[in-house]
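Data block below; observations after.
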Amino acid sequence: MRLVVAVTGASGALYAQRLLSFLEQEDHEVHVIVSDSARQVAREELEKGSLLVPSRFVLHGQRSMAAPFLSGSNPFSAMVIIPCSMGTAGRIAHGISEGAIGRAADVFLKERRRLVLVPRETPWNLVHARNMVTLIEAGAVVIPACPSFYGKPASVLDLVDTIISRVLDQLQIPNRLATRWKEEGS
């Protein structure tokens with residue numbers, strides 16, 4: 001599978017780190033875009049002080065327009081924007097292809113490829129809600145970073161993994177990161 005993982009400046013860098021860590025163990029081609037704001041947030045939120053992108057993944061700059069997934073002629077399987085800031089979601093919803101993240105999302109929507117957004121912002125205002133409806137109508141999947149508790153998570157990582165598990169489900173990547181509802185043994 002050929003994947004794009006984009007990280008924006010919304011709070012929740014740990015979500016991106018956990019997804020990248022899981023994908024590192026898998027046999028997928030992964031391209032990563034990290035916005036400047038995401039780097040700043042990661043410095044504040046992550047223990048290591050930065051997002052650790054596995055060396056075998058291809059890292060692209062937010063201002064680059066040379067990445068292969070920026071054209072519909074180069075087929076990729078899916079794109080995940082995690083966490084997705086409301087500014088990024090709004091620009092995508094309104095077709096503003098600013099920078100590599102916005103352009104890539106626009107390509108995934110126009111080519112009817114899987115686009116998954118993980119917004120972490122709360123509460124939402126009416127503009128946020130309408131942008132999400134627009135994105136869903138355009139074909140995106142929105143997975144708000146709202147962890148589940150029925151698996152009795154014992155740590156912050158357990159909570160984060162309930163969201164990462166749902167993202168991986170949307171990518172059709174098998175995983176056992178979180179307890180499933182009414183799963184045997186839960």
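A note on labels: chains of the structure tokens are A, B, ... as shown, every chain counts residues from 1, and ligands are counted from 1 in their shown order.
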
Got a sec to tell me which of chain A DSSP assigns to strand (DSSP E or B), as number ranges by chain? A: 2-7, 29-34, 58-60, 78-84, 114-119, 141-142

Using only C-alpha atoms, which residues sit within 8 Å of Phe69 (chain A) once same-chain residues fewer than 3 positions away are excluded, as a PyMOL selection string? chain A and resi 4+72+74-76+104+107

With only C-alpha atoms as the counted atoms, please give the residues lying no more than 8 Å from region 171-174 of chain A, apart from itself and same-chain residues fewer than 4 positions off, as a compact mmCIF listing (two decimals) with N, CA and C atoms, in the first residue's frame.
# COMPACT_ATOMS: atom_id res chain seq x y z
N ALA A 78 -4.00 5.84 -0.02
CA ALA A 78 -4.74 6.62 0.97
C ALA A 78 -3.86 7.72 1.56
N ARG A 114 -8.96 7.31 -0.81
CA ARG A 114 -9.27 7.40 0.61
C ARG A 114 -8.52 8.58 1.24
N VAL A 167 -8.22 4.52 12.60
CA VAL A 167 -7.58 5.02 11.37
C VAL A 167 -7.10 3.83 10.54

Please give the complete set of residues from chain A that DSSP, run on the backbone, assigns to helix (DSSP H, G or I), formatted as a ChimeraX atom specification. /A:13-24,36-45,68-70,86-93,99-110,126-138,156-170

Determine, counting only C-alpha atoms, which protein, DNA and RNA residues have an atom within 10 Å of an atom of region 31-44 of chain A; residues of the same chain fewer than 4 positions away are not included. Present the result as a compact mmCIF listing (two decimals) with all heavy atoms, in the first residue's frame.
# COMPACT_ATOMS: atom_id res chain seq x y z
N ARG A 2 0.49 2.24 -0.75
CA ARG A 2 1.22 3.51 -0.81
C ARG A 2 0.41 4.55 -0.03
O ARG A 2 -0.72 4.87 -0.40
CB ARG A 2 1.41 3.94 -2.26
CG ARG A 2 2.19 2.92 -3.07
CD ARG A 2 2.30 3.33 -4.51
NE ARG A 2 3.36 4.35 -4.63
CZ ARG A 2 3.41 5.22 -5.62
NH1 ARG A 2 2.49 5.26 -6.55
NH2 ARG A 2 4.40 6.09 -5.66
N LEU A 3 1.01 5.08 1.02
CA LEU A 3 0.30 5.97 1.94
C LEU A 3 0.99 7.32 2.07
O LEU A 3 2.21 7.41 1.99
CB LEU A 3 0.24 5.34 3.33
CG LEU A 3 -0.41 3.97 3.46
CD1 LEU A 3 -0.17 3.40 4.84
CD2 LEU A 3 -1.90 4.08 3.17
N VAL A 4 0.17 8.33 2.32
CA VAL A 4 0.66 9.66 2.68
C VAL A 4 0.15 9.94 4.08
O VAL A 4 -1.04 9.78 4.36
CB VAL A 4 0.15 10.74 1.70
CG1 VAL A 4 0.61 12.13 2.16
CG2 VAL A 4 0.59 10.46 0.29
N VAL A 5 1.05 10.35 4.97
CA VAL A 5 0.67 10.78 6.31
C VAL A 5 1.08 12.24 6.43
O VAL A 5 2.26 12.57 6.27
CB VAL A 5 1.36 9.94 7.41
CG1 VAL A 5 1.02 10.50 8.80
CG2 VAL A 5 0.96 8.47 7.30
N ALA A 6 0.10 13.10 6.69
CA ALA A 6 0.36 14.52 6.86
C ALA A 6 0.09 14.90 8.31
O ALA A 6 -0.88 14.45 8.91
CB ALA A 6 -0.52 15.34 5.93
N VAL A 7 0.96 15.74 8.85
CA VAL A 7 0.84 16.16 10.24
C VAL A 7 0.73 17.68 10.24
O VAL A 7 1.61 18.37 9.71
CB VAL A 7 2.07 15.71 11.07
CG1 VAL A 7 1.88 16.02 12.54
CG2 VAL A 7 2.35 14.21 10.85
N THR A 8 -0.34 18.19 10.84
CA THR A 8 -0.53 19.64 10.90
C THR A 8 -0.31 20.13 12.34
O THR A 8 -0.02 19.34 13.23
CB THR A 8 -1.94 20.06 10.43
OG1 THR A 8 -2.90 19.69 11.42
CG2 THR A 8 -2.29 19.43 9.08
N GLY A 9 -0.49 21.40 12.55
CA GLY A 9 -0.17 22.02 13.82
C GLY A 9 -1.23 21.93 14.90
O GLY A 9 -1.12 22.59 15.92
N ALA A 10 -2.24 21.10 14.71
CA ALA A 10 -3.22 20.91 15.78
C ALA A 10 -2.54 20.17 16.94
O ALA A 10 -1.61 19.39 16.73
CB ALA A 10 -4.41 20.11 15.27
N SER A 11 -3.03 20.40 18.13
CA SER A 11 -2.53 19.64 19.26
C SER A 11 -2.86 18.16 19.03
O SER A 11 -3.89 17.84 18.44
CB SER A 11 -3.20 20.12 20.55
OG SER A 11 -2.74 19.38 21.66
N GLY A 12 -1.97 17.29 19.47
CA GLY A 12 -2.20 15.85 19.28
C GLY A 12 -1.10 15.19 18.48
O GLY A 12 -1.33 14.21 17.78
N ALA A 13 0.12 15.71 18.61
CA ALA A 13 1.26 15.13 17.89
C ALA A 13 1.45 13.66 18.22
O ALA A 13 1.95 12.89 17.39
CB ALA A 13 2.53 15.93 18.20
N LEU A 14 1.04 13.25 19.41
CA LEU A 14 1.18 11.86 19.80
C LEU A 14 0.39 10.93 18.89
O LEU A 14 0.80 9.80 18.63
CB LEU A 14 0.77 11.67 21.27
CG LEU A 14 1.00 10.30 21.88
CD1 LEU A 14 2.46 9.87 21.77
CD2 LEU A 14 0.57 10.31 23.35
N ALA A 16 -0.04 11.31 15.66
CA ALA A 16 0.81 11.12 14.48
C ALA A 16 1.97 10.20 14.80
O ALA A 16 2.29 9.29 14.01
CB ALA A 16 1.31 12.47 13.98
N GLN A 17 2.60 10.40 15.95
CA GLN A 17 3.75 9.57 16.30
C GLN A 17 3.36 8.10 16.42
O GLN A 17 4.07 7.23 15.95
CB GLN A 17 4.37 10.06 17.62
CG GLN A 17 5.70 9.40 17.93
CD GLN A 17 6.76 9.76 16.89
OE1 GLN A 17 7.26 10.88 16.88
NE2 GLN A 17 7.09 8.84 16.01
N LEU A 20 2.78 6.63 12.88
CA LEU A 20 4.06 6.40 12.20
C LEU A 20 4.79 5.20 12.80
O LEU A 20 5.36 4.39 12.06
CB LEU A 20 4.93 7.66 12.27
CG LEU A 20 4.43 8.87 11.50
CD1 LEU A 20 5.29 10.09 11.80
CD2 LEU A 20 4.36 8.59 10.00
N LYS A 48 10.38 13.37 23.25
CA LYS A 48 11.65 13.49 22.52
C LYS A 48 11.85 14.91 21.97
O LYS A 48 12.90 15.24 21.46
CB LYS A 48 11.72 12.50 21.37
CG LYS A 48 11.56 11.06 21.79
CD LYS A 48 12.86 10.45 22.17
CE LYS A 48 12.68 8.96 22.36
NZ LYS A 48 13.50 8.39 23.34
N GLY A 49 10.80 15.74 22.03
CA GLY A 49 10.91 17.10 21.56
C GLY A 49 10.74 17.27 20.06
O GLY A 49 10.85 18.37 19.54
N SER A 50 10.49 16.16 19.37
CA SER A 50 10.21 16.24 17.93
C SER A 50 9.52 14.97 17.48
O SER A 50 9.56 13.94 18.16
CB SER A 50 11.50 16.45 17.13
OG SER A 50 12.32 15.31 17.23
N LEU A 51 8.90 15.07 16.33
CA LEU A 51 8.26 13.92 15.72
C LEU A 51 9.34 13.05 15.12
O LEU A 51 10.20 13.54 14.38
CB LEU A 51 7.30 14.42 14.64
CG LEU A 51 6.31 13.44 14.07
CD1 LEU A 51 5.30 13.03 15.14
CD2 LEU A 51 5.58 14.06 12.90
N LEU A 52 9.33 11.77 15.44
CA LEU A 52 10.33 10.85 14.91
C LEU A 52 9.76 10.15 13.68
O LEU A 52 8.85 9.32 13.80
CB LEU A 52 10.72 9.82 15.97
CG LEU A 52 11.27 10.41 17.27
CD1 LEU A 52 11.55 9.29 18.28
CD2 LEU A 52 12.53 11.22 17.01
N VAL A 53 10.29 10.52 12.52
CA VAL A 53 9.85 9.92 11.26
C VAL A 53 10.82 8.81 10.92
O VAL A 53 12.02 9.06 10.79
CB VAL A 53 9.79 10.97 10.12
CG1 VAL A 53 9.40 10.33 8.81
CG2 VAL A 53 8.83 12.11 10.50
N PRO A 54 10.33 7.56 10.80
CA PRO A 54 11.22 6.45 10.47
C PRO A 54 12.05 6.74 9.22
O PRO A 54 11.56 7.32 8.25
CB PRO A 54 10.26 5.28 10.24
CG PRO A 54 9.08 5.61 11.11
CD PRO A 54 8.95 7.12 11.00
N ARG A 56 13.12 5.01 6.80
CA ARG A 56 12.74 4.42 5.51
C ARG A 56 11.53 5.13 4.87
O ARG A 56 11.21 4.90 3.72
CB ARG A 56 12.48 2.92 5.63
CG ARG A 56 11.23 2.54 6.35
CD ARG A 56 11.06 1.01 6.30
NE ARG A 56 9.84 0.57 6.92
CZ ARG A 56 8.65 0.53 6.32
NH1 ARG A 56 8.54 0.89 5.05
NH2 ARG A 56 7.58 0.14 6.98
N PHE A 57 10.88 6.01 5.63
CA PHE A 57 9.77 6.78 5.07
C PHE A 57 10.34 7.97 4.30
O PHE A 57 11.40 8.48 4.62
CB PHE A 57 8.85 7.29 6.17
CG PHE A 57 8.08 6.22 6.91
CD1 PHE A 57 7.27 6.56 7.97
CD2 PHE A 57 8.16 4.89 6.56
CE1 PHE A 57 6.55 5.60 8.67
CE2 PHE A 57 7.46 3.91 7.24
CZ PHE A 57 6.65 4.27 8.30
N VAL A 58 9.60 8.42 3.29
CA VAL A 58 10.03 9.56 2.49
C VAL A 58 9.42 10.82 3.10
O VAL A 58 8.20 10.93 3.21
CB VAL A 58 9.60 9.41 1.02
CG1 VAL A 58 10.10 10.58 0.19
CG2 VAL A 58 10.09 8.08 0.44
N LEU A 59 10.27 11.75 3.50
CA LEU A 59 9.81 13.00 4.12
C LEU A 59 9.80 14.11 3.09
O LEU A 59 10.79 14.32 2.37
CB LEU A 59 10.73 13.35 5.29
CG LEU A 59 10.35 14.55 6.15
CD1 LEU A 59 8.98 14.35 6.81
CD2 LEU A 59 11.41 14.78 7.22
N HIS A 60 8.68 14.81 2.99
CA HIS A 60 8.51 15.90 2.02
C HIS A 60 8.25 17.20 2.78
O HIS A 60 7.57 17.21 3.80
CB HIS A 60 7.31 15.64 1.10
CG HIS A 60 7.43 14.37 0.33
ND1 HIS A 60 8.10 14.30 -0.87
CD2 HIS A 60 6.99 13.12 0.59
CE1 HIS A 60 8.04 13.06 -1.33
NE2 HIS A 60 7.37 12.32 -0.46
N GLY A 61 8.74 18.30 2.24
CA GLY A 61 8.48 19.61 2.82
C GLY A 61 7.08 20.09 2.48
O GLY A 61 6.54 19.77 1.43
N GLN A 62 6.51 20.89 3.37
CA GLN A 62 5.18 21.44 3.16
C GLN A 62 5.12 22.34 1.93
O GLN A 62 4.08 22.48 1.31
CB GLN A 62 4.73 22.19 4.42
CG GLN A 62 3.51 23.05 4.31
CD GLN A 62 2.24 22.32 3.88
OE1 GLN A 62 2.18 21.12 3.71
NE2 GLN A 62 1.20 23.09 3.67
N ARG A 63 6.23 22.92 1.56
CA ARG A 63 6.24 23.83 0.41
C ARG A 63 6.62 23.14 -0.89
O ARG A 63 6.58 23.74 -1.96
CB ARG A 63 7.17 25.00 0.69
CG ARG A 63 6.62 25.94 1.77
CD ARG A 63 7.64 26.99 2.20
NE ARG A 63 7.23 27.69 3.39
CZ ARG A 63 7.33 27.21 4.63
NH1 ARG A 63 7.82 26.02 4.84
NH2 ARG A 63 6.94 27.92 5.66
N SER A 64 7.01 21.88 -0.82
CA SER A 64 7.43 21.14 -2.01
C SER A 64 6.23 20.84 -2.91
O SER A 64 5.16 20.48 -2.43
CB SER A 64 8.07 19.80 -1.60
OG SER A 64 8.30 19.01 -2.75
N ALA A 67 6.50 16.23 -4.89
CA ALA A 67 6.16 14.92 -4.36
C ALA A 67 5.27 14.16 -5.35
O ALA A 67 4.40 14.75 -5.99
CB ALA A 67 5.44 15.07 -3.02
N PRO A 68 5.47 12.86 -5.49
CA PRO A 68 4.72 12.09 -6.49
C PRO A 68 3.21 12.06 -6.26
O PRO A 68 2.44 11.98 -7.23
CB PRO A 68 5.31 10.68 -6.37
CG PRO A 68 5.96 10.62 -5.04
CD PRO A 68 6.40 12.02 -4.73
N PHE A 69 2.75 12.16 -5.02
CA PHE A 69 1.32 12.09 -4.73
C PHE A 69 0.59 13.40 -4.99
O PHE A 69 -0.62 13.48 -4.82
CB PHE A 69 1.10 11.65 -3.27
CG PHE A 69 1.90 12.44 -2.28
CD1 PHE A 69 1.49 13.69 -1.84
CD2 PHE A 69 3.11 11.93 -1.81
CE1 PHE A 69 2.25 14.41 -0.93
CE2 PHE A 69 3.87 12.64 -0.90
CZ PHE A 69 3.44 13.88 -0.46
N PHE A 76 -1.74 6.62 -5.36
CA PHE A 76 -1.47 6.27 -3.98
C PHE A 76 -2.77 5.70 -3.41
O PHE A 76 -3.86 6.01 -3.89
CB PHE A 76 -1.02 7.49 -3.17
CG PHE A 76 0.45 7.75 -3.27
CD1 PHE A 76 1.02 8.21 -4.45
CD2 PHE A 76 1.29 7.52 -2.19
CE1 PHE A 76 2.38 8.43 -4.55
CE2 PHE A 76 2.65 7.74 -2.27
CZ PHE A 76 3.20 8.20 -3.46
N MET A 79 -4.53 8.71 2.15
CA MET A 79 -3.86 9.81 2.85
C MET A 79 -4.54 10.00 4.18
O MET A 79 -5.78 9.97 4.28
CB MET A 79 -3.95 11.10 2.03
CG MET A 79 -3.33 12.30 2.72
SD MET A 79 -3.46 13.78 1.68
CE MET A 79 -2.54 14.96 2.68
N VAL A 80 -3.73 10.19 5.22
CA VAL A 80 -4.24 10.48 6.56
C VAL A 80 -3.65 11.80 7.01
O VAL A 80 -2.44 12.00 6.92
CB VAL A 80 -3.84 9.37 7.57
CG1 VAL A 80 -4.35 9.72 8.97
CG2 VAL A 80 -4.32 8.01 7.12
N ILE A 81 -4.50 12.71 7.48
CA ILE A 81 -4.03 13.97 8.06
C ILE A 81 -4.31 13.86 9.55
O ILE A 81 -5.46 13.85 9.98
CB ILE A 81 -4.74 15.19 7.44
CG1 ILE A 81 -4.58 15.18 5.92
CG2 ILE A 81 -4.17 16.48 8.04
CD1 ILE A 81 -5.35 16.27 5.20
N ILE A 82 -3.21 13.74 10.33
CA ILE A 82 -3.33 13.42 11.75
C ILE A 82 -2.28 14.15 12.57
O ILE A 82 -1.10 13.93 12.32
CB ILE A 82 -3.26 11.90 11.95
CG1 ILE A 82 -3.42 11.50 13.41
CG2 ILE A 82 -1.95 11.32 11.41
CD1 ILE A 82 -3.65 10.01 13.62
N PRO A 83 -2.57 14.99 13.50
CA PRO A 83 -3.89 15.58 13.68
C PRO A 83 -4.16 16.59 12.57
O PRO A 83 -3.23 17.10 11.95
CB PRO A 83 -3.77 16.26 15.04
CG PRO A 83 -2.32 16.60 15.18
CD PRO A 83 -1.59 15.50 14.46
N CYS A 84 -5.42 16.85 12.35
CA CYS A 84 -5.81 17.80 11.30
C CYS A 84 -6.34 19.07 11.96
O CYS A 84 -7.33 19.03 12.68
CB CYS A 84 -6.88 17.18 10.42
SG CYS A 84 -7.39 18.24 9.05
N SER A 85 -5.66 20.17 11.71
CA SER A 85 -6.11 21.45 12.28
C SER A 85 -7.40 21.88 11.58
O SER A 85 -7.68 21.48 10.44
CB SER A 85 -5.05 22.52 12.11
OG SER A 85 -4.91 22.87 10.74
N GLY A 99 -0.04 24.70 -0.29
CA GLY A 99 1.01 23.83 0.20
C GLY A 99 0.78 22.37 -0.16
O GLY A 99 -0.24 21.99 -0.74
N ALA A 100 1.74 21.55 0.19
CA ALA A 100 1.71 20.13 -0.18
C ALA A 100 0.55 19.39 0.49
O ALA A 100 -0.06 18.53 -0.15
CB ALA A 100 3.04 19.48 0.17
N ILE A 101 0.23 19.72 1.73
CA ILE A 101 -0.86 19.01 2.40
C ILE A 101 -2.19 19.30 1.71
O ILE A 101 -2.94 18.38 1.38
CB ILE A 101 -0.91 19.36 3.90
CG1 ILE A 101 0.34 18.83 4.61
CG2 ILE A 101 -2.17 18.78 4.56
CD1 ILE A 101 0.50 19.27 6.06
N ALA A 104 -2.25 17.75 -1.84
CA ALA A 104 -2.40 16.30 -1.79
C ALA A 104 -3.84 15.91 -1.45
O ALA A 104 -4.42 15.03 -2.08
CB ALA A 104 -1.42 15.70 -0.79

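Distance check against Lys182 (chain A) using only C-alpha atoms: of A:Tyr150, A:Tyr15, A:Phe108, A:Trp124, the minimum falls on A:Tyr150.
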
What is the CA of Asp161 (chain A)-CA of Trp181 (chain A) distance in Å, reported with one decimal? 14.3 Å

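Considering only C-alpha atoms, the residue among A:Arg166, A:Arg91, A:Arg103, A:Lys152 positioned nearest to Asn131 (chain A) is A:Arg91.
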
Pick from A:Thr179, A:Ser71, A:Gln25, A:Ser97 nearest to Asp158 (chain A), counting only C-alpha atoms: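 Nearest to Asp158 (chain A): A:Thr179.
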